[in-house]
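Participant: What follows is a structure written as structure tokens; I'll ask about it next.
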Amino acid sequence: MVIDQAGRVVHEIEVALPQEEVFEFFTDARRLVRWIGLSASLSPVPGGRFRFEVQPGQFCEGAYTDVQPPAFVSFTWGWTDPAWKLPPASSLVCVRLTVTDGGTRVRLTHDRLPGDLRAIHDEGWATFLARLSAAAAGTDAPAYPQEGRP
């Protein structure tokens, strides 16, 4: 697991694309669903909607809290299905994009997760960020998870 001392799920990857293009994978619905989600409704302004269908009938929902193109975006996160015990907008995802020699470093931090949900979100982010890497490289993404309900 990649959990820091503050209990946040933290992942870093490097993507061989310019920072501006990587930013769009978090703010443009068409790009977002290339790596996470089946459908999405996004309004990437502070207070704007962040909602997507992760798996059939499973929706993640929140709102953008900070949008600083092309270097930073954050949004609240939670699930519409009460079985997850993480209501919409109850946790926070922050994504910092840093220019590197090879493209862009993506540092994703998921905060305010209950202890019993950290492991499944850590596993989920590892899976989906691998899909982001593939989508950014223009290659076939690893298989999309078909299950993952609590």
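In the structure tokens, the first chain shown is A, the next is B, and so on; residue numbers restart at 1 for each chain, and ligands run from 1 in the order shown.
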Please return as JSON, numbers by chain: the residues of range 30-149 of chain A that backbone DSSP assigns to strand (DSSP E or B).
Facilitator: {"A": [39, 40, 41, 42, 49, 50, 51, 52, 53, 54, 55, 58, 59, 60, 61, 62, 63, 64, 65, 66, 67, 68, 72, 73, 74, 75, 76, 77, 79, 91, 92, 93, 94, 95, 96, 97, 98, 99, 100, 103, 104, 105, 106, 107, 108, 109, 110, 111]}
Participant: Go ahead and write the selection's residues with C-alpha atoms as a PDB file, in the first residue's frame.
Facilitator:
ATOM      1  CA  SER A  39     -19.303   8.068 -18.570  1.00  0.00           C
ATOM      2  CA  ALA A  40     -18.629  11.435 -16.954  1.00  0.00           C
ATOM      3  CA  SER A  41     -20.170  14.816 -16.253  1.00  0.00           C
ATOM      4  CA  LEU A  42     -17.517  17.392 -15.378  1.00  0.00           C
ATOM      5  CA  ARG A  49     -19.617  19.085 -10.715  1.00  0.00           C
ATOM      6  CA  PHE A  50     -17.345  16.047 -10.727  1.00  0.00           C
ATOM      7  CA  ARG A  51     -19.336  12.864 -11.407  1.00  0.00           C
ATOM      8  CA  PHE A  52     -18.552   9.720 -13.318  1.00  0.00           C
ATOM      9  CA  GLU A  53     -19.691   6.130 -13.554  1.00  0.00           C
ATOM     10  CA  VAL A  54     -16.791   3.946 -12.472  1.00  0.00           C
ATOM     11  CA  GLN A  55     -18.573   0.649 -13.059  1.00  0.00           C
ATOM     12  CA  GLN A  58     -21.455   2.754  -9.468  1.00  0.00           C
ATOM     13  CA  PHE A  59     -21.034   6.540  -9.449  1.00  0.00           C
ATOM     14  CA  CYS A  60     -18.297   8.643  -7.918  1.00  0.00           C
ATOM     15  CA  GLU A  61     -19.447  12.171  -7.172  1.00  0.00           C
ATOM     16  CA  GLY A  62     -18.106  15.422  -5.777  1.00  0.00           C
ATOM     17  CA  ALA A  63     -17.100  18.897  -6.829  1.00  0.00           C
ATOM     18  CA  TYR A  64     -13.951  20.597  -8.039  1.00  0.00           C
ATOM     19  CA  THR A  65     -12.405  22.569  -5.188  1.00  0.00           C
ATOM     20  CA  ASP A  66      -9.373  24.097  -6.889  1.00  0.00           C
ATOM     21  CA  VAL A  67      -8.504  24.313 -10.580  1.00  0.00           C
ATOM     22  CA  GLN A  68      -5.134  25.847 -11.535  1.00  0.00           C
ATOM     23  CA  PHE A  72      -3.052  21.526 -10.090  1.00  0.00           C
ATOM     24  CA  VAL A  73      -6.590  20.274  -9.707  1.00  0.00           C
ATOM     25  CA  SER A  74      -8.501  19.016  -6.684  1.00  0.00           C
ATOM     26  CA  PHE A  75     -11.978  17.640  -6.218  1.00  0.00           C
ATOM     27  CA  THR A  76     -14.070  16.055  -3.539  1.00  0.00           C
ATOM     28  CA  TRP A  77     -14.833  12.369  -3.945  1.00  0.00           C
ATOM     29  CA  TRP A  79     -19.804   7.245  -3.819  1.00  0.00           C
ATOM     30  CA  SER A  91     -12.999  12.797   0.723  1.00  0.00           C
ATOM     31  CA  LEU A  92     -10.534  14.921  -1.247  1.00  0.00           C
ATOM     32  CA  VAL A  93      -8.342  14.100  -4.252  1.00  0.00           C
ATOM     33  CA  CYS A  94      -5.486  16.481  -5.164  1.00  0.00           C
ATOM     34  CA  VAL A  95      -3.491  16.143  -8.365  1.00  0.00           C
ATOM     35  CA  ARG A  96      -0.253  18.055  -8.848  1.00  0.00           C
ATOM     36  CA  LEU A  97       1.367  18.033 -12.290  1.00  0.00           C
ATOM     37  CA  THR A  98       5.053  18.855 -12.516  1.00  0.00           C
ATOM     38  CA  VAL A  99       7.029  19.288 -15.717  1.00  0.00           C
ATOM     39  CA  THR A 100       9.903  16.801 -16.050  1.00  0.00           C
ATOM     40  CA  GLY A 103       6.975  14.890 -19.785  1.00  0.00           C
ATOM     41  CA  THR A 104       4.887  15.340 -16.648  1.00  0.00           C
ATOM     42  CA  ARG A 105       4.990  13.853 -13.155  1.00  0.00           C
ATOM     43  CA  VAL A 106       1.499  13.166 -11.791  1.00  0.00           C
ATOM     44  CA  ARG A 107       1.257  13.138  -7.997  1.00  0.00           C
ATOM     45  CA  LEU A 108      -2.182  12.099  -6.798  1.00  0.00           C
ATOM     46  CA  THR A 109      -3.104  12.327  -3.123  1.00  0.00           C
ATOM     47  CA  HIS A 110      -6.410  11.012  -1.780  1.00  0.00           C
ATOM     48  CA  ASP A 111      -7.157  12.429   1.685  1.00  0.00           C
TER      49      ASP A 111
END
Participant: I'd like the contact shell of Phe128 in chain A - 12 Å cut-off, only C-alpha atoms, skipping same-chain residues fewer than 5 positions apart - returned as a PyMOL selection string.
Facilitator: chain A and resi 11-13+25+32-37+54+108+121-123+133-135+141-145
Participant: Let me see the file: selected residues, C-alpha atoms, as a PDB file, in the first residue's frame.
Facilitator:
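Here's the written file selection-v7.pdb:
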ATOM      1  CA  HIS A  11       0.621   7.716  -6.030  1.00  0.00           C
ATOM      2  CA  GLU A  12       3.118   9.151  -8.515  1.00  0.00           C
ATOM      3  CA  ILE A  13       3.578   8.317 -12.159  1.00  0.00           C
ATOM      4  CA  PHE A  25      -7.239  13.937 -18.475  1.00  0.00           C
ATOM      5  CA  LEU A  32     -11.294  11.145 -18.294  1.00  0.00           C
ATOM      6  CA  VAL A  33     -13.297   8.148 -19.510  1.00  0.00           C
ATOM      7  CA  ARG A  34     -10.299   6.922 -21.498  1.00  0.00           C
ATOM      8  CA  TRP A  35      -8.695   5.884 -18.219  1.00  0.00           C
ATOM      9  CA  ILE A  36     -11.325   5.958 -15.454  1.00  0.00           C
ATOM     10  CA  GLY A  37     -15.043   5.671 -15.794  1.00  0.00           C
ATOM     11  CA  VAL A  54     -16.791   3.946 -12.472  1.00  0.00           C
ATOM     12  CA  LEU A 108      -2.182  12.099  -6.798  1.00  0.00           C
ATOM     13  CA  HIS A 121      -8.793   3.159  -2.958  1.00  0.00           C
ATOM     14  CA  ASP A 122      -5.031   2.606  -3.014  1.00  0.00           C
ATOM     15  CA  GLU A 123      -5.544  -0.451  -5.202  1.00  0.00           C
ATOM     16  CA  SER A 133      -0.282   5.985 -18.453  1.00  0.00           C
ATOM     17  CA  ALA A 134      -1.462   3.732 -21.268  1.00  0.00           C
ATOM     18  CA  ALA A 135      -4.072   6.217 -22.508  1.00  0.00           C
ATOM     19  CA  ALA A 141      -5.085   0.354 -21.379  1.00  0.00           C
ATOM     20  CA  PRO A 142      -5.023  -2.591 -18.963  1.00  0.00           C
ATOM     21  CA  ALA A 143      -8.393  -4.296 -18.561  1.00  0.00           C
ATOM     22  CA  TYR A 144     -11.045  -2.201 -16.899  1.00  0.00           C
ATOM     23  CA  PRO A 145     -12.038  -3.514 -13.462  1.00  0.00           C
TER      24      PRO A 145
END
Participant: List every residue of range 28-97 of chain A that DSSP, applied to the backbone of this structure, assigns to alpha helix (DSSP H), and report them as a count of residues only.
Facilitator: 4
Participant: Quick one: of A:Val45, A:Val22, A:Thr80, A:Ala71, who's nearest to Leu132 in chain A, counting only C-alpha atoms?
Facilitator: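 Closest candidate: A:Val22.
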Participant: Using only C-alpha atoms, determine which residues lie at most 12 Å from Pro114 in chain A, disregarding the query and same-chain residues fewer than 2 positions distant; provide the list as a PyMOL selection string.
Facilitator: chain A and resi 6-9+78+84-87+90-92+110-112+116-121
Participant: Measuring between only C-alpha atoms, which one of A:Asp81, A:Asp101, A:Asp4, A:Asp140 shows the shortest distance to Gln19 in chain A?
Facilitator: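 Closest to Gln19 in chain A of all the choices is A:Asp101.
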Participant: What does the distance between CA of Leu38 in chain A and CA of Gly57 in chain A come to in Å, to one decimal place?
Facilitator: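 So the answer is 10.0 Å.
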Participant: Here is a test: counting only C-alpha atoms, which residue of A:Ala83, A:Val15, A:Ala89, A:Leu129 is nearest to Leu113 in chain A?
Facilitator: A:Ala89
Participant: Would you work out the distance separating CA of Gly124 in chain A from CA of Pro88 in chain A, expressed in Å to one decimal?
Facilitator: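 Interatomic distance here is 17.1 Å.
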Participant: Between CA of Pro46 in chain A and CA of Phe23 in chain A, what distance in Å does the model show, to one decimal?
Facilitator: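 About the pair CA of Pro46 in chain A and CA of Phe23 in chain A: they are 15.2 Å apart.
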